[in-house]
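What's in work-v1.cif: mmCIF, C-alpha atoms and all ligand atoms
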data_input
#
loop_
_atom_site.label_atom_id
_atom_site.label_comp_id
_atom_site.auth_asym_id
_atom_site.auth_seq_id
_atom_site.Cartn_x
_atom_site.Cartn_y
_atom_site.Cartn_z
CA MET A 5 7.49 -6.93 -8.24
CA SER A 6 8.19 -9.73 -10.73
CA THR A 7 5.52 -12.09 -11.99
CA LYS A 8 7.53 -15.13 -10.94
CA SER A 9 5.98 -17.10 -8.08
CA ILE A 10 8.38 -17.76 -5.23
CA ILE A 11 5.78 -19.65 -3.18
CA THR A 12 3.01 -21.84 -4.57
CA VAL A 13 0.38 -23.31 -2.25
CA LYS A 14 -2.12 -25.77 -3.72
CA GLU A 15 -5.18 -27.19 -1.96
CA LEU A 16 -3.47 -26.97 1.43
CA VAL A 17 -5.34 -28.68 4.28
CA LYS A 18 -4.45 -28.85 7.98
CA SER A 19 -6.64 -30.78 10.38
CA TYR A 20 -6.30 -31.14 14.12
CA GLY A 21 -8.36 -34.25 14.83
CA ASP A 22 -11.90 -33.51 13.64
CA PHE A 23 -11.22 -29.81 13.29
CA THR A 24 -10.05 -28.41 9.96
CA ALA A 25 -7.99 -25.26 10.57
CA VAL A 26 -6.89 -24.80 6.95
CA ASN A 27 -9.46 -26.00 4.46
CA GLY A 28 -8.06 -26.36 0.95
CA ILE A 29 -6.39 -23.04 0.23
CA SER A 30 -4.42 -22.20 -2.91
CA PHE A 31 -2.36 -19.08 -3.59
CA ASP A 32 0.91 -17.83 -5.06
CA VAL A 33 3.34 -15.31 -3.61
CA LYS A 34 5.28 -13.34 -6.24
CA GLU A 35 8.98 -12.75 -5.94
CA GLY A 36 9.70 -9.33 -4.40
CA GLU A 37 6.23 -8.51 -3.14
CA ILE A 38 4.82 -7.85 0.31
CA PHE A 39 2.02 -10.38 0.58
CA GLY A 40 -0.52 -9.99 3.40
CA LEU A 41 -2.56 -12.77 5.00
CA LEU A 42 -5.56 -11.10 6.62
CA GLY A 43 -8.33 -12.66 8.63
CA PRO A 44 -9.98 -12.85 12.04
CA ASN A 45 -8.42 -14.69 14.97
CA GLY A 46 -8.42 -18.42 14.38
CA ALA A 47 -8.75 -18.08 10.59
CA GLY A 48 -5.69 -20.24 9.99
CA LYS A 49 -3.06 -17.61 9.17
CA SER A 50 -0.31 -18.75 11.54
CA THR A 51 -0.94 -22.41 10.74
CA THR A 52 -0.52 -21.64 7.03
CA LEU A 53 2.69 -19.70 7.62
CA GLU A 54 4.16 -22.38 9.85
CA ILE A 55 3.49 -25.07 7.24
CA ILE A 56 5.24 -23.00 4.56
CA GLU A 57 8.11 -22.38 7.01
CA THR A 58 8.41 -26.21 7.39
CA LEU A 59 7.74 -25.87 11.14
CA ARG A 60 4.38 -27.64 11.06
CA GLU A 61 3.19 -30.68 9.08
CA LYS A 62 0.40 -30.34 6.57
CA THR A 63 -2.45 -32.82 6.32
CA SER A 64 -2.63 -32.65 2.52
CA GLY A 65 -1.93 -30.41 -0.45
CA GLU A 66 1.27 -29.12 -2.00
CA VAL A 67 3.64 -26.30 -1.08
CA ILE A 68 6.62 -25.24 -3.21
CA VAL A 69 9.06 -22.60 -1.90
CA ASP A 70 11.54 -21.24 -4.46
CA GLY A 71 11.36 -24.52 -6.38
CA PHE A 72 11.75 -26.69 -3.27
CA ASN A 73 9.02 -28.99 -1.99
CA ILE A 74 8.21 -28.73 1.75
CA GLU A 75 8.08 -32.52 1.98
CA GLN A 76 11.45 -33.39 0.47
CA ASP A 77 13.51 -30.21 0.71
CA GLN A 78 13.05 -28.81 4.21
CA ALA A 79 16.73 -28.11 4.78
CA ALA A 80 17.01 -26.20 1.49
CA ILE A 81 13.94 -24.14 2.35
CA LYS A 82 15.20 -23.29 5.84
CA LYS A 83 18.35 -21.82 4.30
CA ILE A 84 16.51 -19.29 2.16
CA ILE A 85 13.84 -18.11 4.59
CA GLY A 86 13.85 -15.88 7.66
CA VAL A 87 11.23 -16.42 10.36
CA GLN A 88 10.46 -13.89 13.06
CA LEU A 89 10.63 -15.52 16.48
CA GLN A 90 8.21 -14.69 19.25
CA SER A 91 10.00 -12.54 21.82
CA SER A 92 10.23 -15.49 24.21
CA GLY A 93 12.77 -16.98 21.82
CA PHE A 94 15.52 -14.55 22.89
CA TYR A 95 17.75 -14.91 25.93
CA PRO A 96 16.72 -11.84 27.96
CA ASN A 97 20.12 -11.29 29.56
CA LEU A 98 22.28 -11.25 26.45
CA ASN A 99 22.96 -7.96 24.70
CA LEU A 100 21.98 -7.44 21.06
CA ILE A 101 25.46 -8.07 19.67
CA GLU A 102 25.73 -11.32 21.66
CA LEU A 103 22.32 -12.45 20.44
CA ILE A 104 23.23 -11.74 16.82
CA HIS A 105 26.48 -13.69 17.22
CA LEU A 106 24.44 -16.61 18.49
CA PHE A 107 22.36 -16.60 15.28
CA ILE A 108 25.42 -16.05 13.10
CA GLY A 109 26.86 -19.22 14.60
CA LEU A 110 23.66 -21.15 13.93
CA TYR A 111 23.45 -20.03 10.31
CA GLN A 112 27.21 -19.84 9.62
CA SER A 113 26.47 -16.39 8.28
CA SER A 114 29.05 -13.73 7.44
CA VAL A 115 26.82 -10.77 8.22
CA ASP A 116 28.27 -7.85 10.25
CA PRO A 117 26.25 -7.42 13.50
CA MET A 118 26.62 -3.62 13.53
CA ASP A 119 25.48 -3.38 9.89
CA LEU A 120 22.42 -5.36 10.81
CA LEU A 121 21.64 -3.18 13.84
CA ARG A 122 22.13 -0.07 11.70
CA LYS A 123 19.55 -1.37 9.22
CA VAL A 124 16.90 -1.48 11.94
CA ASN A 125 18.08 1.70 13.67
CA LEU A 126 19.33 -0.02 16.83
CA GLU A 127 23.02 0.86 16.59
CA ASP A 128 22.96 2.75 19.87
CA LYS A 129 21.35 -0.26 21.60
CA ALA A 130 24.10 -2.68 20.57
CA ASN A 131 25.18 -3.24 24.18
CA ALA A 132 21.69 -3.16 25.68
CA LYS A 133 20.10 -6.38 26.86
CA TYR A 134 17.10 -7.68 24.96
CA LYS A 135 14.89 -7.30 28.04
CA GLN A 136 15.76 -3.58 28.26
CA LEU A 137 14.28 -2.82 24.83
CA SER A 138 10.87 -1.20 24.30
CA GLY A 139 8.13 -3.04 22.37
CA GLY A 140 8.97 -1.40 19.04
CA GLN A 141 12.70 -1.95 19.52
CA LYS A 142 12.09 -5.64 20.28
CA GLN A 143 10.09 -5.98 17.07
CA ARG A 144 12.81 -4.25 15.04
CA PHE A 145 15.43 -6.49 16.60
CA SER A 146 13.47 -9.64 15.86
CA ILE A 147 13.04 -8.49 12.24
CA ALA A 148 16.82 -7.93 12.09
CA THR A 149 17.38 -11.54 13.17
CA THR A 150 15.26 -12.77 10.23
CA LEU A 151 17.82 -11.15 7.90
CA ILE A 152 20.92 -12.88 9.31
CA ASN A 153 21.03 -15.64 6.70
CA LYS A 154 20.34 -13.13 3.86
CA PRO A 155 17.03 -14.82 3.10
CA LYS A 156 15.00 -14.61 -0.11
CA ILE A 157 11.75 -14.62 1.87
CA ILE A 158 10.86 -13.44 5.38
CA PHE A 159 7.77 -14.30 7.39
CA LEU A 160 6.33 -11.77 9.86
CA ASP A 161 3.36 -12.93 11.96
CA GLU A 162 1.60 -9.85 13.42
CA PRO A 163 4.81 -7.81 13.76
CA THR A 164 3.04 -4.57 14.71
CA THR A 165 0.48 -5.83 17.21
CA GLY A 166 0.56 -3.70 20.35
CA LEU A 167 2.84 -0.97 18.98
CA ASP A 168 2.13 2.75 19.19
CA PRO A 169 1.48 4.74 15.97
CA GLN A 170 5.07 5.96 15.55
CA ALA A 171 6.57 2.52 16.12
CA ARG A 172 4.10 1.04 13.65
CA ARG A 173 5.06 3.55 10.95
CA ASN A 174 8.75 2.97 11.59
CA LEU A 175 8.19 -0.73 11.11
CA TRP A 176 6.29 -0.10 7.84
CA ASP A 177 9.28 1.85 6.52
CA LEU A 178 11.62 -0.93 7.57
CA ILE A 179 9.50 -3.65 5.95
CA LYS A 180 9.22 -1.66 2.69
CA GLU A 181 12.99 -1.16 2.69
CA ILE A 182 13.52 -4.90 3.09
CA ARG A 183 11.16 -5.51 0.14
CA ASP A 184 12.90 -2.83 -1.92
CA ASN A 185 16.21 -4.59 -1.31
CA GLY A 186 14.77 -7.66 -3.03
CA THR A 187 13.41 -9.79 -0.19
CA THR A 188 9.89 -11.19 -0.50
CA VAL A 189 7.81 -10.50 2.62
CA ILE A 190 4.82 -12.43 3.93
CA ILE A 191 3.04 -10.69 6.76
CA THR A 192 -0.10 -11.18 8.83
CA THR A 193 -1.88 -8.27 10.45
CA HIS A 194 -5.19 -7.29 12.01
CA TYR A 195 -4.77 -3.67 10.93
CA MET A 196 -6.43 -2.95 7.61
CA ASP A 197 -4.89 0.53 7.30
CA GLU A 198 -1.52 -1.18 7.59
CA ALA A 199 -2.35 -3.83 5.00
CA GLU A 200 -3.60 -1.15 2.62
CA ILE A 201 -0.40 0.89 2.90
CA LEU A 202 2.09 -1.95 3.09
CA CYS A 203 0.89 -4.92 1.06
CA ASP A 204 1.24 -5.31 -2.70
CA ARG A 205 -1.39 -8.05 -2.55
CA VAL A 206 -3.53 -9.51 0.22
CA ALA A 207 -5.41 -12.76 0.75
CA ILE A 208 -8.42 -12.60 3.06
CA ILE A 209 -8.83 -15.86 4.90
CA ASP A 210 -11.79 -16.90 7.04
CA SER A 211 -12.47 -20.26 8.69
CA GLY A 212 -9.57 -21.83 6.83
CA LYS A 213 -10.63 -20.70 3.36
CA ILE A 214 -9.40 -17.86 1.17
CA ILE A 215 -12.40 -15.72 0.37
CA SER A 216 -10.64 -13.05 -1.67
CA ILE A 217 -7.18 -12.31 -3.03
CA ASN A 218 -5.93 -9.28 -4.95
CA THR A 219 -4.20 -5.90 -4.60
CA PRO A 220 -5.79 -3.71 -1.89
CA ASN A 221 -6.84 -1.14 -4.52
CA THR A 222 -8.54 -3.73 -6.71
CA LEU A 223 -10.45 -5.15 -3.73
CA ILE A 224 -11.61 -1.66 -2.76
CA ASP A 225 -12.61 -0.82 -6.36
CA GLU A 226 -14.55 -4.08 -6.62
CA LEU A 227 -16.47 -3.27 -3.44
CA VAL A 228 -17.23 0.27 -4.63
CA ALA A 229 -18.41 -1.14 -8.00
CA THR A 230 -21.12 -3.12 -6.18
CA GLY A 231 -22.66 0.21 -5.14
CA PHE A 232 -21.17 0.15 -1.64
CA GLU A 233 -21.10 3.51 0.10
CA LYS A 234 -19.80 4.45 3.51
CA ALA A 235 -22.57 5.31 5.93
CA LYS A 236 -21.08 8.69 6.77
CA GLU A 237 -19.15 11.14 4.68
CA VAL A 238 -15.49 10.43 5.23
CA LYS A 239 -13.65 13.06 7.24
CA LYS A 240 -10.52 14.50 5.67
CA ALA A 241 -8.45 13.33 8.62
CA ASN A 242 -8.89 10.89 11.47
CA LEU A 243 -7.79 10.84 15.10
CA GLU A 244 -4.64 8.93 14.20
CA ASP A 245 -3.71 11.76 11.80
CA VAL A 246 -4.21 14.22 14.69
CA PHE A 247 -2.06 12.09 16.97
CA ILE A 248 0.78 11.83 14.45
CA HIS A 249 0.50 15.54 13.60
CA LEU A 250 0.80 16.49 17.28
CA THR A 251 3.42 14.00 18.39
CA GLY A 252 5.49 13.78 15.20
CA LYS A 253 6.73 10.91 13.11
CA ALA A 254 10.19 10.77 14.64
CA TRP A 255 11.76 7.62 16.02
CA ARG A 256 10.99 7.30 19.71
CA GLU A 257 11.99 5.14 22.58
CA ASP A 258 9.15 3.07 21.17
P1 LIG B 301 -4.76 -17.39 13.20
O1 LIG B 301 -3.28 -17.29 13.14
O2 LIG B 301 -5.43 -17.00 11.92
O3 LIG B 301 -5.34 -16.64 14.36
P2 LIG B 301 -4.22 -20.18 13.74
O4 LIG B 301 -3.61 -20.68 12.50
O5 LIG B 301 -3.33 -19.91 14.89
O6 LIG B 301 -5.14 -18.92 13.41
O7 LIG B 301 -5.31 -21.23 14.24
C1 LIG B 301 -6.33 -21.71 13.39
C2 LIG B 301 -7.23 -22.63 14.17
O8 LIG B 301 -6.52 -23.83 14.47
C3 LIG B 301 -7.69 -22.05 15.51
O9 LIG B 301 -9.02 -22.44 15.72
C4 LIG B 301 -6.77 -22.72 16.51
O10 LIG B 301 -7.39 -22.84 17.75
C5 LIG B 301 -6.52 -24.08 15.87
N1 LIG B 301 -5.23 -24.64 16.24
C6 LIG B 301 -4.02 -24.07 16.04
N2 LIG B 301 -3.03 -24.87 16.48
C7 LIG B 301 -3.63 -25.98 16.98
C8 LIG B 301 -3.16 -27.18 17.60
N3 LIG B 301 -1.85 -27.41 17.78
N4 LIG B 301 -4.07 -28.08 17.97
C9 LIG B 301 -5.39 -27.88 17.79
N5 LIG B 301 -5.91 -26.78 17.22
C10 LIG B 301 -5.05 -25.83 16.82
MG MG B 302 -1.95 -16.21 14.31
#
Just give me the structure of the file as structure tokens.
Amino acid sequence: MSTKSIITVKELVKSYGDFTAVNGISFDVKEGEIFGLLGPNGAGKSTTLEIIETLREKTSGEVIVDGFNIEQDQAAIKKIIGVQLQSSGFYPNLNLIELIHLFIGLYQSSVDPMDLLRKVNLEDKANAKYKQLSGGQKQRFSIATTLINKPKIIFLDEPTTGLDPQARRNLWDLIKEIRDNGTTVIITTHYMDEAEILCDRVAIIDSGKIISINTPNTLIDELVATGFEKAKEVKKANLEDVFIHLTGKAWRED
């Protein structure tokens, strides 16, 4: 991870009428990191992402993405980011190769569709229709589509919600690989185990405000330093460990 900021958010506010969904938040995302936005439902995570993605208008504040301002340089920003679509954004009756060609046309990209499918381990589904994919496969495919324009930054809003343990782990590996290849990743999740394993830094957001921001380890150390102790002695394994031990880590028809 470099120390250069690729995204800078200053005093960002988003109001819907009388209601303030994002209430003056400031943070930086460093080039090459996986940055997690964590927080309960309604905290303002998706709103914040959509403003940075130039898909939603801010009320006030400043957002700079790779040197471009979201007010003046929307087209430039769109070229260097990849945004994961909700599954409803895909034509259900086209096969994966056809869908990728559709995006390649939109972005005038030179990416090879089979290369892309190989990256997300969907080579053997190239001729399958989107609607025939399992939940995990759909998520991997939608992550593949964020890479079509070879973006500097990708945005993943709850990419692992609803997936089984194997599919979730497969997605973690994929997201780390994308980061290791130089792409900055911003992700939201409700799973704290996932954030702890995956994210280089996290911001915890509640009621539109950032209440903490740091590396997962530093946040944990800070809590422990206050004298915090778990109520029960921690077991050496949990039920998820049992599940993975019994059913294996292998790729599934997830
Ligand atoms: P999160 O992604 O953290 O769950 P959101 O950013 O989706 O939260 O929403 C933050 C708050 O803003 C929620 O209370 C939500 O109901 C509200 N909100 C989101 N979009 C709109 C909208 N278009 N109009 C009015 N309120 C909205
Ligand atoms: Mg959301």
So, with all atoms listed in the file as the atoms that count, which of A:Ile81, A:Ile208, A:Leu89, A:Val115 lies closest to Ile10 of chain A?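 Among the listed residues, A:Ile81 lies closest to Ile10 of chain A.
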Check the smallest atom-to-atom distance from each of A:Ile209, A:Ile147, A:Leu100, A:Ile56 to ligand LIG 301 (chain B) using all atoms listed in the file, then report the winner.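 Closest to ligand LIG 301 (chain B), using all atoms listed in the file: A:Ile209.
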Distance filter 9 Å around ligand LIG 301 (chain B), atoms: only C-alpha atoms and all ligand atoms, out as a PDB file with C-alpha atoms, keeping the file's coordinate frame:
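Done, and the output landed in selection.pdb:
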ATOM      1  CA  LYS A  18      -4.450 -28.850   7.980  1.00  0.00           C
ATOM      2  CA  SER A  19      -6.640 -30.780  10.380  1.00  0.00           C
ATOM      3  CA  TYR A  20      -6.300 -31.140  14.120  1.00  0.00           C
ATOM      4  CA  GLY A  21      -8.360 -34.250  14.830  1.00  0.00           C
ATOM      5  CA  PHE A  23     -11.220 -29.810  13.290  1.00  0.00           C
ATOM      6  CA  THR A  24     -10.050 -28.410   9.960  1.00  0.00           C
ATOM      7  CA  ALA A  25      -7.990 -25.260  10.570  1.00  0.00           C
ATOM      8  CA  VAL A  26      -6.890 -24.800   6.950  1.00  0.00           C
ATOM      9  CA  LEU A  41      -2.560 -12.770   5.000  1.00  0.00           C
ATOM     10  CA  LEU A  42      -5.560 -11.100   6.620  1.00  0.00           C
ATOM     11  CA  GLY A  43      -8.330 -12.660   8.630  1.00  0.00           C
ATOM     12  CA  PRO A  44      -9.980 -12.850  12.040  1.00  0.00           C
ATOM     13  CA  ASN A  45      -8.420 -14.690  14.970  1.00  0.00           C
ATOM     14  CA  GLY A  46      -8.420 -18.420  14.380  1.00  0.00           C
ATOM     15  CA  ALA A  47      -8.750 -18.080  10.590  1.00  0.00           C
ATOM     16  CA  GLY A  48      -5.690 -20.240   9.990  1.00  0.00           C
ATOM     17  CA  LYS A  49      -3.060 -17.610   9.170  1.00  0.00           C
ATOM     18  CA  SER A  50      -0.310 -18.750  11.540  1.00  0.00           C
ATOM     19  CA  THR A  51      -0.940 -22.410  10.740  1.00  0.00           C
ATOM     20  CA  THR A  52      -0.520 -21.640   7.030  1.00  0.00           C
ATOM     21  CA  LEU A  53       2.690 -19.700   7.620  1.00  0.00           C
ATOM     22  CA  GLU A  54       4.160 -22.380   9.850  1.00  0.00           C
ATOM     23  CA  ASP A 161       3.360 -12.930  11.960  1.00  0.00           C
ATOM     24  CA  GLU A 162       1.600  -9.850  13.420  1.00  0.00           C
ATOM     25  CA  THR A 192      -0.100 -11.180   8.830  1.00  0.00           C
ATOM     26  CA  ILE A 209      -8.830 -15.860   4.900  1.00  0.00           C
ATOM     27  CA  ASP A 210     -11.790 -16.900   7.040  1.00  0.00           C
ATOM     28  CA  SER A 211     -12.470 -20.260   8.690  1.00  0.00           C
ATOM     29  CA  GLY A 212      -9.570 -21.830   6.830  1.00  0.00           C
TER      30      GLY A 212
END
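Among the candidate residues A:Ala79, A:Ile214, A:Ile191, A:Leu98, the one lying nearest to Glu15 of chain A is A:Ile214, with distances computed using only C-alpha atoms.
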Which of these residues is nearest to ligand MG 302 (chain B), using all atoms listed in the file: A:Pro96, A:Pro163, A:Gly86, A:Gly252?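 Smallest distance to ligand MG 302 (chain B) is found for A:Pro163.
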Neighbour list for Ile101 of chain A as a ChimeraX atom specification, cut-off 8 Å, all atoms listed in the file, skip fewer than 5 positions in-chain: /A:117-118,130-131
All residues 12 Å or closer to segment 169-172 of chain A, only C-alpha atoms, same chain fewer than 4 positions away omitted, as a count of residues only: 40
Which one of A:Val206, A:Ile224, A:Gly36, A:Leu160 sits closest to ligand MG 302 (chain B) if you count all atoms listed in the file?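 Result for the nearest residue to ligand MG 302 (chain B): A:Leu160.
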Just how far from atom CA of His194 of chain A is atom CA of Ile84 of chain A, in Å to one decimal? 26.7 Å
Compare A:Glu102, A:Asp119, A:Asp22, A:Glu37 by their minimum atom-to-atom distance to Ile190 of chain A, counting only C-alpha atoms, and give me the closest one.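 Smallest distance to Ile190 of chain A is found for A:Glu37.
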Could you tell me how far atom CA of Asn73 of chain A sits from atom CA of Thr58 of chain A, in Å to one decimal place?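 About the pair atom CA of Thr58 of chain A and atom CA of Asn73 of chain A: they are 9.8 Å apart.
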Surrounding residues of Asp70 of chain A excluding itself and chain neighbours under 2 positions, 7 Å, only C-alpha atoms, as an NGL selection string: :A and (10-11 or 68 or 72)
